[in-house]
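**Student:** Data file final_12.cif (mmCIF, C-alpha atoms) is appended below.
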data_query
#
loop_
_atom_site.label_atom_id
_atom_site.label_comp_id
_atom_site.auth_asym_id
_atom_site.auth_seq_id
_atom_site.Cartn_x
_atom_site.Cartn_y
_atom_site.Cartn_z
CA MET E 1 52.32 160.81 59.43
CA ASN E 2 50.02 163.49 60.85
CA PRO E 3 51.75 166.49 62.44
CA THR E 4 51.44 166.79 66.18
CA ARG E 5 49.49 169.60 67.83
CA GLN E 6 52.77 171.23 68.90
CA GLN E 7 54.05 171.22 65.29
CA ARG E 8 50.80 172.78 64.07
CA LEU E 9 51.07 175.52 66.70
CA ALA E 10 54.67 176.20 65.68
CA ARG E 11 53.64 176.57 62.03
CA ALA E 12 50.78 178.87 63.00
CA LYS E 13 53.16 181.00 65.06
CA PHE E 14 55.49 181.45 62.08
CA ALA E 15 52.53 182.33 59.86
CA LEU E 16 51.27 185.06 62.19
CA PRO E 17 53.66 187.87 61.09
CA SER E 18 52.95 187.08 57.42
CA PHE E 19 49.22 187.25 58.13
CA VAL E 20 49.68 190.74 59.61
CA THR E 21 51.65 191.72 56.49
CA LEU E 22 48.77 190.45 54.34
CA LEU E 23 46.42 192.69 56.32
CA SER E 24 48.69 195.58 55.40
CA ILE E 25 48.51 194.55 51.73
CA ALA E 26 44.71 194.36 52.00
CA CYS E 27 44.63 197.99 53.18
CA GLY E 28 46.89 199.08 50.33
CA PHE E 29 44.80 197.22 47.78
CA GLY E 30 41.61 198.68 49.27
CA SER E 31 43.08 202.16 48.88
CA ILE E 32 43.87 201.46 45.20
CA VAL E 33 40.34 200.16 44.50
CA ILE E 34 38.72 203.18 46.17
CA SER E 35 41.00 205.60 44.32
CA VAL E 36 40.24 204.07 40.92
CA ASP E 37 36.49 203.81 41.54
CA ASN E 38 36.36 207.39 42.79
CA ALA E 39 38.43 208.92 39.96
CA PRO E 40 35.45 209.79 37.69
CA VAL E 41 33.31 210.83 40.67
CA GLY E 42 35.72 212.88 42.78
CA ASP E 43 33.99 212.30 46.13
CA PRO E 44 36.23 213.94 48.81
CA SER E 45 35.17 211.47 51.52
CA ASP E 46 36.28 208.52 49.38
CA TYR E 47 39.69 210.10 48.71
CA ARG E 48 40.10 210.71 52.43
CA LEU E 49 39.14 207.08 53.13
CA ALA E 50 41.74 205.87 50.61
CA ALA E 51 44.38 207.99 52.37
CA ILE E 52 43.33 206.70 55.80
CA LEU E 53 43.68 203.11 54.56
CA LEU E 54 47.30 203.90 53.70
CA VAL E 55 47.83 205.05 57.28
CA LEU E 56 46.25 201.80 58.50
CA ALA E 57 48.57 199.87 56.17
CA GLY E 58 51.46 201.62 57.91
CA VAL E 59 50.14 200.53 61.29
CA PHE E 60 50.05 196.88 60.18
CA ASP E 61 53.50 197.30 58.60
CA ALA E 62 54.91 198.32 61.97
CA LEU E 63 52.91 195.63 63.76
CA ASP E 64 54.20 192.72 61.67
CA GLY E 65 57.79 193.43 62.74
CA PHE E 66 56.70 193.71 66.37
CA VAL E 67 54.85 190.39 66.15
CA ALA E 68 57.83 188.68 64.52
CA ARG E 69 60.20 189.89 67.25
CA ALA E 70 57.75 189.10 70.06
CA THR E 71 57.24 185.53 68.84
CA ASN E 72 60.85 185.08 67.68
CA THR E 73 59.66 184.15 64.18
CA GLN E 74 61.80 186.44 62.00
CA SER E 75 62.54 184.81 58.65
CA ALA E 76 63.98 185.61 55.22
CA PHE E 77 60.53 184.89 53.75
CA GLY E 78 58.98 187.51 56.02
CA VAL E 79 61.59 190.09 55.02
CA GLN E 80 60.89 189.54 51.31
CA LEU E 81 57.11 189.63 51.79
CA ASP E 82 57.40 192.84 53.79
CA SER E 83 59.46 194.50 51.03
CA ILE E 84 56.92 193.52 48.37
CA ALA E 85 54.12 194.84 50.56
CA ASP E 86 55.97 198.14 51.06
CA VAL E 87 56.35 198.72 47.32
CA MET E 88 52.61 198.23 46.83
CA ASN E 89 51.31 199.96 49.96
CA PHE E 90 53.68 202.92 50.14
CA GLY E 91 54.75 203.26 46.52
CA CYS E 92 52.02 202.22 44.09
CA ALA E 93 48.97 202.94 46.27
CA PRO E 94 49.86 206.55 47.23
CA GLY E 95 51.14 207.21 43.70
CA LEU E 96 47.81 206.13 42.24
CA LEU E 97 45.84 207.97 44.93
CA LEU E 98 47.58 211.27 44.19
CA TYR E 99 47.22 210.70 40.43
CA CYS E 100 43.45 210.23 40.74
CA TYR E 101 43.13 213.02 43.29
CA GLY E 102 45.28 215.52 41.41
CA PHE E 103 44.52 214.89 37.76
CA ALA E 104 41.38 212.80 37.18
CA GLN E 105 39.15 215.89 37.05
CA MET E 106 41.51 217.59 34.55
CA GLY E 107 41.48 214.90 31.85
CA ALA E 108 39.23 216.33 29.13
CA ALA E 109 40.46 219.92 29.33
CA HIS E 110 44.19 219.33 29.91
CA PRO E 111 45.29 215.90 28.58
CA THR E 112 48.97 216.89 28.46
CA LEU E 113 48.86 218.01 32.07
CA VAL E 114 47.37 214.65 33.05
CA ARG E 115 50.27 212.83 31.35
CA MET E 116 52.75 215.05 33.18
CA GLY E 117 50.96 214.24 36.43
CA GLY E 118 51.18 210.54 35.69
CA LEU E 119 54.93 210.89 35.10
CA ALA E 120 55.39 212.79 38.38
CA CYS E 121 53.50 210.07 40.27
CA PHE E 122 55.64 207.41 38.59
CA VAL E 123 58.76 209.27 39.76
CA PHE E 124 57.44 208.89 43.31
CA VAL E 125 56.80 205.15 42.84
CA ALA E 126 60.22 204.56 41.22
CA CYS E 127 62.04 206.47 43.96
CA GLY E 128 60.18 204.49 46.61
CA ALA E 129 61.24 201.19 45.00
CA LEU E 130 64.86 202.37 44.77
CA ARG E 131 64.74 203.51 48.40
CA LEU E 132 63.58 200.07 49.54
CA ALA E 133 66.21 198.26 47.48
CA ARG E 134 68.96 200.47 48.93
CA PHE E 135 67.68 199.91 52.46
CA ASN E 136 67.75 196.13 52.00
CA VAL E 137 71.37 196.04 50.84
CA MET E 138 72.58 198.55 53.46
CA VAL E 139 71.28 196.79 56.57
CA GLY E 140 74.07 196.82 59.15
CA LYS E 141 76.16 199.29 57.13
CA THR E 142 74.68 202.56 58.40
CA ASP E 143 74.04 204.15 61.77
CA PRO E 144 70.71 202.66 62.99
CA ARG E 145 69.77 205.98 64.62
CA TYR E 146 69.27 207.52 61.17
CA PHE E 147 67.66 206.54 57.88
CA VAL E 148 69.57 207.29 54.69
CA GLY E 149 66.90 209.17 52.77
CA MET E 150 63.27 209.62 53.78
CA PRO E 151 61.68 206.26 54.67
CA ILE E 152 59.08 205.14 52.11
CA THR E 153 56.45 204.84 54.85
CA ALA E 154 57.02 208.48 55.81
CA GLY E 155 56.97 209.47 52.13
CA ALA E 156 53.62 207.77 51.63
CA ALA E 157 52.20 209.32 54.79
CA CYS E 158 53.47 212.73 53.69
CA VAL E 159 51.62 212.72 50.35
CA ALA E 160 48.55 211.06 51.89
CA SER E 161 48.41 213.79 54.55
CA VAL E 162 47.64 216.32 51.80
CA VAL E 163 44.56 214.30 50.80
CA VAL E 164 43.48 213.94 54.44
CA ALA E 165 43.82 217.70 55.02
CA TRP E 166 42.29 218.86 51.71
CA PRO E 167 40.16 215.97 50.36
CA ASP E 168 38.46 217.93 47.56
CA PRO E 169 40.10 216.79 44.29
CA VAL E 170 42.29 219.25 42.41
CA ALA E 171 40.37 221.11 39.70
CA ASP E 172 42.78 223.81 38.50
CA MET E 173 46.22 223.93 36.87
CA ALA E 174 47.94 225.59 39.83
CA GLY E 175 46.85 222.79 42.15
CA ALA E 176 47.89 220.14 39.63
CA PHE E 177 51.39 221.60 39.38
CA LEU E 178 51.64 221.69 43.18
CA VAL E 179 50.75 217.97 43.31
CA MET E 180 53.44 217.27 40.69
CA LEU E 181 55.98 219.23 42.72
CA LEU E 182 54.98 217.36 45.88
CA MET E 183 55.43 213.92 44.29
CA VAL E 184 58.80 214.73 42.73
CA ALA E 185 60.10 216.47 45.86
CA VAL E 186 59.13 213.63 48.21
CA GLY E 187 60.50 211.06 45.76
CA THR E 188 63.80 212.96 45.63
CA LEU E 189 64.00 213.01 49.43
CA MET E 190 63.54 209.22 49.52
CA VAL E 191 66.53 208.54 47.23
CA SER E 192 68.69 211.29 48.73
CA THR E 193 71.49 210.70 51.26
CA ILE E 194 69.95 213.11 53.76
CA ARG E 195 69.84 211.54 57.24
CA PHE E 196 66.35 211.30 58.75
CA PRO E 197 66.13 210.42 62.47
CA SER E 198 64.75 206.95 63.20
CA SER E 199 62.76 205.62 66.15
CA LYS E 200 66.03 204.26 67.60
CA GLN E 201 67.03 207.72 68.78
CA PRO E 202 67.68 207.89 72.55
CA LYS E 203 64.58 209.02 74.44
CA SER E 204 64.74 212.40 76.18
CA LYS E 205 62.55 214.98 77.93
CA ALA E 206 62.54 217.03 74.72
CA ALA E 207 60.95 214.10 72.86
CA LEU E 208 58.24 213.86 75.53
CA VAL E 209 57.54 217.59 75.27
CA ALA E 210 57.36 217.29 71.46
CA LEU E 211 54.84 214.44 71.82
CA VAL E 212 52.63 216.53 74.13
CA VAL E 213 52.79 219.47 71.71
CA CYS E 214 51.84 217.20 68.80
CA ILE E 215 48.83 215.84 70.69
CA ALA E 216 47.69 219.38 71.51
CA LEU E 217 48.09 220.49 67.88
CA LEU E 218 46.22 217.40 66.67
CA ALA E 219 43.28 218.30 68.91
CA LEU E 220 43.38 221.88 67.64
CA LEU E 221 44.06 221.41 63.92
CA ARG E 222 42.57 217.92 63.40
CA THR E 223 43.15 216.74 59.81
CA ARG E 224 45.36 219.73 58.94
CA PHE E 225 47.80 218.66 61.67
CA PHE E 226 49.33 215.87 59.58
CA ALA E 227 50.31 218.16 56.70
CA LEU E 228 51.82 220.63 59.18
CA PHE E 229 53.69 217.80 60.90
CA PHE E 230 55.43 216.75 57.68
CA VAL E 231 56.35 220.34 56.82
CA PHE E 232 58.06 220.60 60.20
CA TYR E 233 59.55 217.07 59.98
CA ILE E 234 61.18 217.69 56.61
CA GLY E 235 62.22 221.26 57.40
CA ALA E 236 63.81 220.31 60.74
CA THR E 237 65.63 217.37 59.14
CA LEU E 238 67.07 219.54 56.37
CA LEU E 239 68.22 222.15 58.90
CA LEU E 240 69.83 219.42 61.03
CA ASN E 241 71.79 218.08 58.06
CA ILE E 242 72.92 221.59 57.11
CA ALA E 243 74.04 222.17 60.72
CA TRP E 244 76.11 218.98 60.64
CA MET E 245 77.79 220.15 57.44
CA GLY E 246 78.74 223.33 59.32
CA GLY E 247 80.30 221.32 62.15
CA TRP E 248 77.46 221.52 64.72
CA THR E 249 77.43 218.40 66.96
CA ARG E 250 75.05 219.11 69.85
CA ILE E 251 72.82 216.46 68.25
CA ALA E 252 75.16 213.57 67.49
CA PRO E 253 75.76 213.18 63.73
CA PRO E 254 75.54 209.69 62.18
CA LYS E 255 78.52 207.39 62.53
CA VAL E 256 80.51 206.77 59.35
CA TYR E 257 81.21 203.17 58.35
CA GLU E 258 84.45 202.65 56.44
CA ASP E 259 82.90 200.18 53.99
CA ASN E 260 79.98 202.52 53.24
CA VAL E 261 80.93 203.87 49.82
CA GLU E 262 78.11 206.38 49.98
CA ASP E 263 79.86 208.34 52.71
#
Could you render the structure as structure tokens?
**Tutor:**
Amino acid sequence: MNPTRQQRLARAKFALPSFVTLLSIACGFGSIVISVDNAPVGDPSDYRLAAILLVLAGVFDALDGFVARATNTQSAFGVQLDSIADVMNFGCAPGLLLYCYGFAQMGAAHPTLVRMGGLACFVFVACGALRLARFNVMVGKTDPRYFVGMPITAGAACVASVVVAWPDPVADMAGAFLVMLLMVAVGTLMVSTIRFPSSKQPKSKAALVALVVCIALLALLRTRFFALFFVFYIGATLLLNIAWMGGWTRIAPPKVYEDNVED
């Protein structure tokens, strides 16, 4: 029996969020292909393009959830597909991008350093996968106003912002060690229990002022703005968590759930 037009439309509606997720995967895969192809060449514009594709993957990642909620088509299949996409787009793709960017030009002269760089990039990928797995099992068990650990999308954007700001590939040992430190540090933040504010924070005039300041800085600093943003984002979050440990409560600390063994 042939499906009716209404049934076909219903199926298409349920497929729409998954299609948006596939667009996100396409951006992540495109970033990987560009990174690998550019590794022996070291063209700064190609590295910047690979980083921008990761940002676009993040846009589609946010959009697929919006589409699912708007069309009331949330499903377990969509949740699993989204998690797989996140591992690829915000774990593997930025890890490979920073490996090619930071170490491809060092191969012949410093083979040991290249292996160390590969290990540091793997630490980032592994921490991102662990962060996603923890998030999936802790849904509904933590305060929705805060993420436990740095979100993997923010971690990917953080390391990609370095490539956007300084697209020339690393060609000296000092720069290579800085890339290694960056990957391990961001990976550690992702698996930490530090609370990072989420988009579910209550809106305020201070948030509006911060947005205006960010727009002004973006116009002034252009590509360097993103690296500066993540320095401030991480620094402010660490200071906030330290303040909570000292008993400061002017910004409400996260609620503690009794069944949350982590707390």
**Student:** Pick the closest to E:Gly128 from E:Met150, E:Val33, E:Leu208, E:Cys214: which is it, counting all atoms listed in the file?
**Tutor:**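 Residue with the minimum atom-to-atom distance to E:Gly128: E:Met150.
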**Student:** Can you measure atom CA of E:Ala57 to atom CA of E:Ala104 for me? One decimal in Å is fine.
**Tutor:**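 Taking atom CA of E:Ala57 as the start and atom CA of E:Ala104 as the end point, the length is 24.1 Å.
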**Student:** List every residue of stretch 98-181 of chain E that has an atom at most 10 Å from any atom of stretch 218-231 of chain E, giving for each one its closest atom pair and the distance in Å to one decimal, counting only C-alpha atoms, sorted by chain and then by ascending residue number, as CSV.
**Tutor:**
residue,atom,partner,partner_atom,distance
E:Ala154,CA,E:Phe230,CA,8.6
E:Gly155,CA,E:Phe230,CA,9.3
E:Ala157,CA,E:Phe230,CA,8.6
E:Cys158,CA,E:Phe230,CA,6.0
E:Val159,CA,E:Ala227,CA,8.5
E:Ala160,CA,E:Ala227,CA,8.8
E:Ser161,CA,E:Ala227,CA,5.2
E:Val162,CA,E:Ala227,CA,5.9
E:Val163,CA,E:Ala227,CA,9.1
E:Val164,CA,E:Thr223,CA,6.1
E:Ala165,CA,E:Arg224,CA,4.7
E:Trp166,CA,E:Arg224,CA,7.9
E:Pro167,CA,E:Thr223,CA,9.9
**Student:** To one decimal in Å, tell me the separation between atom CA of E:Cys100 and atom CA of E:Arg131.
**Tutor:**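 Separation between atom CA of E:Cys100 and atom CA of E:Arg131: 23.6 Å.
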**Student:** Need the shell around E:Leu181: protein/DNA/RNA residues with any atom at most 10 Å away, counting only C-alpha atoms. Skip same-chain ones fewer than 4 positions apart. Format as a PDB file with C-alpha atoms, keeping the file's coordinate frame?
**Tutor:**
ATOM      1  CA  GLY E 117      50.960 214.240  36.430  1.00  0.00           C
ATOM      2  CA  ALA E 120      55.390 212.790  38.380  1.00  0.00           C
ATOM      3  CA  CYS E 121      53.500 210.070  40.270  1.00  0.00           C
ATOM      4  CA  GLY E 175      46.850 222.790  42.150  1.00  0.00           C
ATOM      5  CA  ALA E 176      47.890 220.140  39.630  1.00  0.00           C
ATOM      6  CA  PHE E 177      51.390 221.600  39.380  1.00  0.00           C
ATOM      7  CA  ALA E 185      60.100 216.470  45.860  1.00  0.00           C
ATOM      8  CA  VAL E 186      59.130 213.630  48.210  1.00  0.00           C
ATOM      9  CA  GLY E 187      60.500 211.060  45.760  1.00  0.00           C
TER      10      GLY E 187
END
**Student:** With all atoms listed in the file as the counted atoms, please give the residues lying no more than 12 Å from E:Met190, apart from itself and same-chain residues fewer than 5 positions off, as a PyMOL selection string.
**Tutor:** chain E and resi 90-91+123-135+147-156+158+183-185+195-196+234
**Student:** Could the residues in this selection be written to a file with C-alpha atoms, as an mmCIF file, in the coordinates of the input?
**Tutor:**
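Writing the result to again_18.cif gives the following:
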data_model
loop_
_atom_site.group_PDB
_atom_site.id
_atom_site.type_symbol
_atom_site.label_atom_id
_atom_site.label_comp_id
_atom_site.auth_asym_id
_atom_site.auth_seq_id
_atom_site.Cartn_x
_atom_site.Cartn_y
_atom_site.Cartn_z
ATOM 1 C CA PHE E 90 53.680 202.920 50.140
ATOM 2 C CA GLY E 91 54.750 203.260 46.520
ATOM 3 C CA VAL E 123 58.760 209.270 39.760
ATOM 4 C CA PHE E 124 57.440 208.890 43.310
ATOM 5 C CA VAL E 125 56.800 205.150 42.840
ATOM 6 C CA ALA E 126 60.220 204.560 41.220
ATOM 7 C CA CYS E 127 62.040 206.470 43.960
ATOM 8 C CA GLY E 128 60.180 204.490 46.610
ATOM 9 C CA ALA E 129 61.240 201.190 45.000
ATOM 10 C CA LEU E 130 64.860 202.370 44.770
ATOM 11 C CA ARG E 131 64.740 203.510 48.400
ATOM 12 C CA LEU E 132 63.580 200.070 49.540
ATOM 13 C CA ALA E 133 66.210 198.260 47.480
ATOM 14 C CA ARG E 134 68.960 200.470 48.930
ATOM 15 C CA PHE E 135 67.680 199.910 52.460
ATOM 16 C CA PHE E 147 67.660 206.540 57.880
ATOM 17 C CA VAL E 148 69.570 207.290 54.690
ATOM 18 C CA GLY E 149 66.900 209.170 52.770
ATOM 19 C CA MET E 150 63.270 209.620 53.780
ATOM 20 C CA PRO E 151 61.680 206.260 54.670
ATOM 21 C CA ILE E 152 59.080 205.140 52.110
ATOM 22 C CA THR E 153 56.450 204.840 54.850
ATOM 23 C CA ALA E 154 57.020 208.480 55.810
ATOM 24 C CA GLY E 155 56.970 209.470 52.130
ATOM 25 C CA ALA E 156 53.620 207.770 51.630
ATOM 26 C CA CYS E 158 53.470 212.730 53.690
ATOM 27 C CA MET E 183 55.430 213.920 44.290
ATOM 28 C CA VAL E 184 58.800 214.730 42.730
ATOM 29 C CA ALA E 185 60.100 216.470 45.860
ATOM 30 C CA ARG E 195 69.840 211.540 57.240
ATOM 31 C CA PHE E 196 66.350 211.300 58.750
ATOM 32 C CA ILE E 234 61.180 217.690 56.610
#
**Student:** Suppose you want the space between atom CA of E:Leu56 and atom CA of E:Ser24; what is it in Å?
**Tutor:**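 Computing it gives 7.4 Å between the two atoms.
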**Student:** Compare E:Val191, E:Met180, E:Ile215, E:Leu63 by their minimum atom-to-atom distance to E:Gly95, counting all atoms listed in the file, and give me the closest one.
**Tutor:**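 Counting all atoms listed in the file, the residue closest to E:Gly95 is E:Met180.
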**Student:** Which of these, E:Gly78, E:Pro169, E:Gly30, E:Pro144, has the shortest distance to E:Tyr99 once you count all atoms listed in the file?
**Tutor:** E:Pro169
**Student:** Please determine, counting only C-alpha atoms, which residue among E:Gly65, E:Cys27, E:Val170, E:Leu217 has the shortest atom-to-atom distance to E:Leu49.
**Tutor:**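 Nearest candidate to E:Leu49 out of E:Gly65, E:Cys27, E:Val170, E:Leu217: E:Cys27.
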**Student:** Counting only C-alpha atoms, I want the residues whose atoms come within 8 Å of (42.4, 202.5, 48.0) in the file frame, returned as a PyMOL selection string.
**Tutor:** chain E and resi 27-36+49-51+53-54+93+97
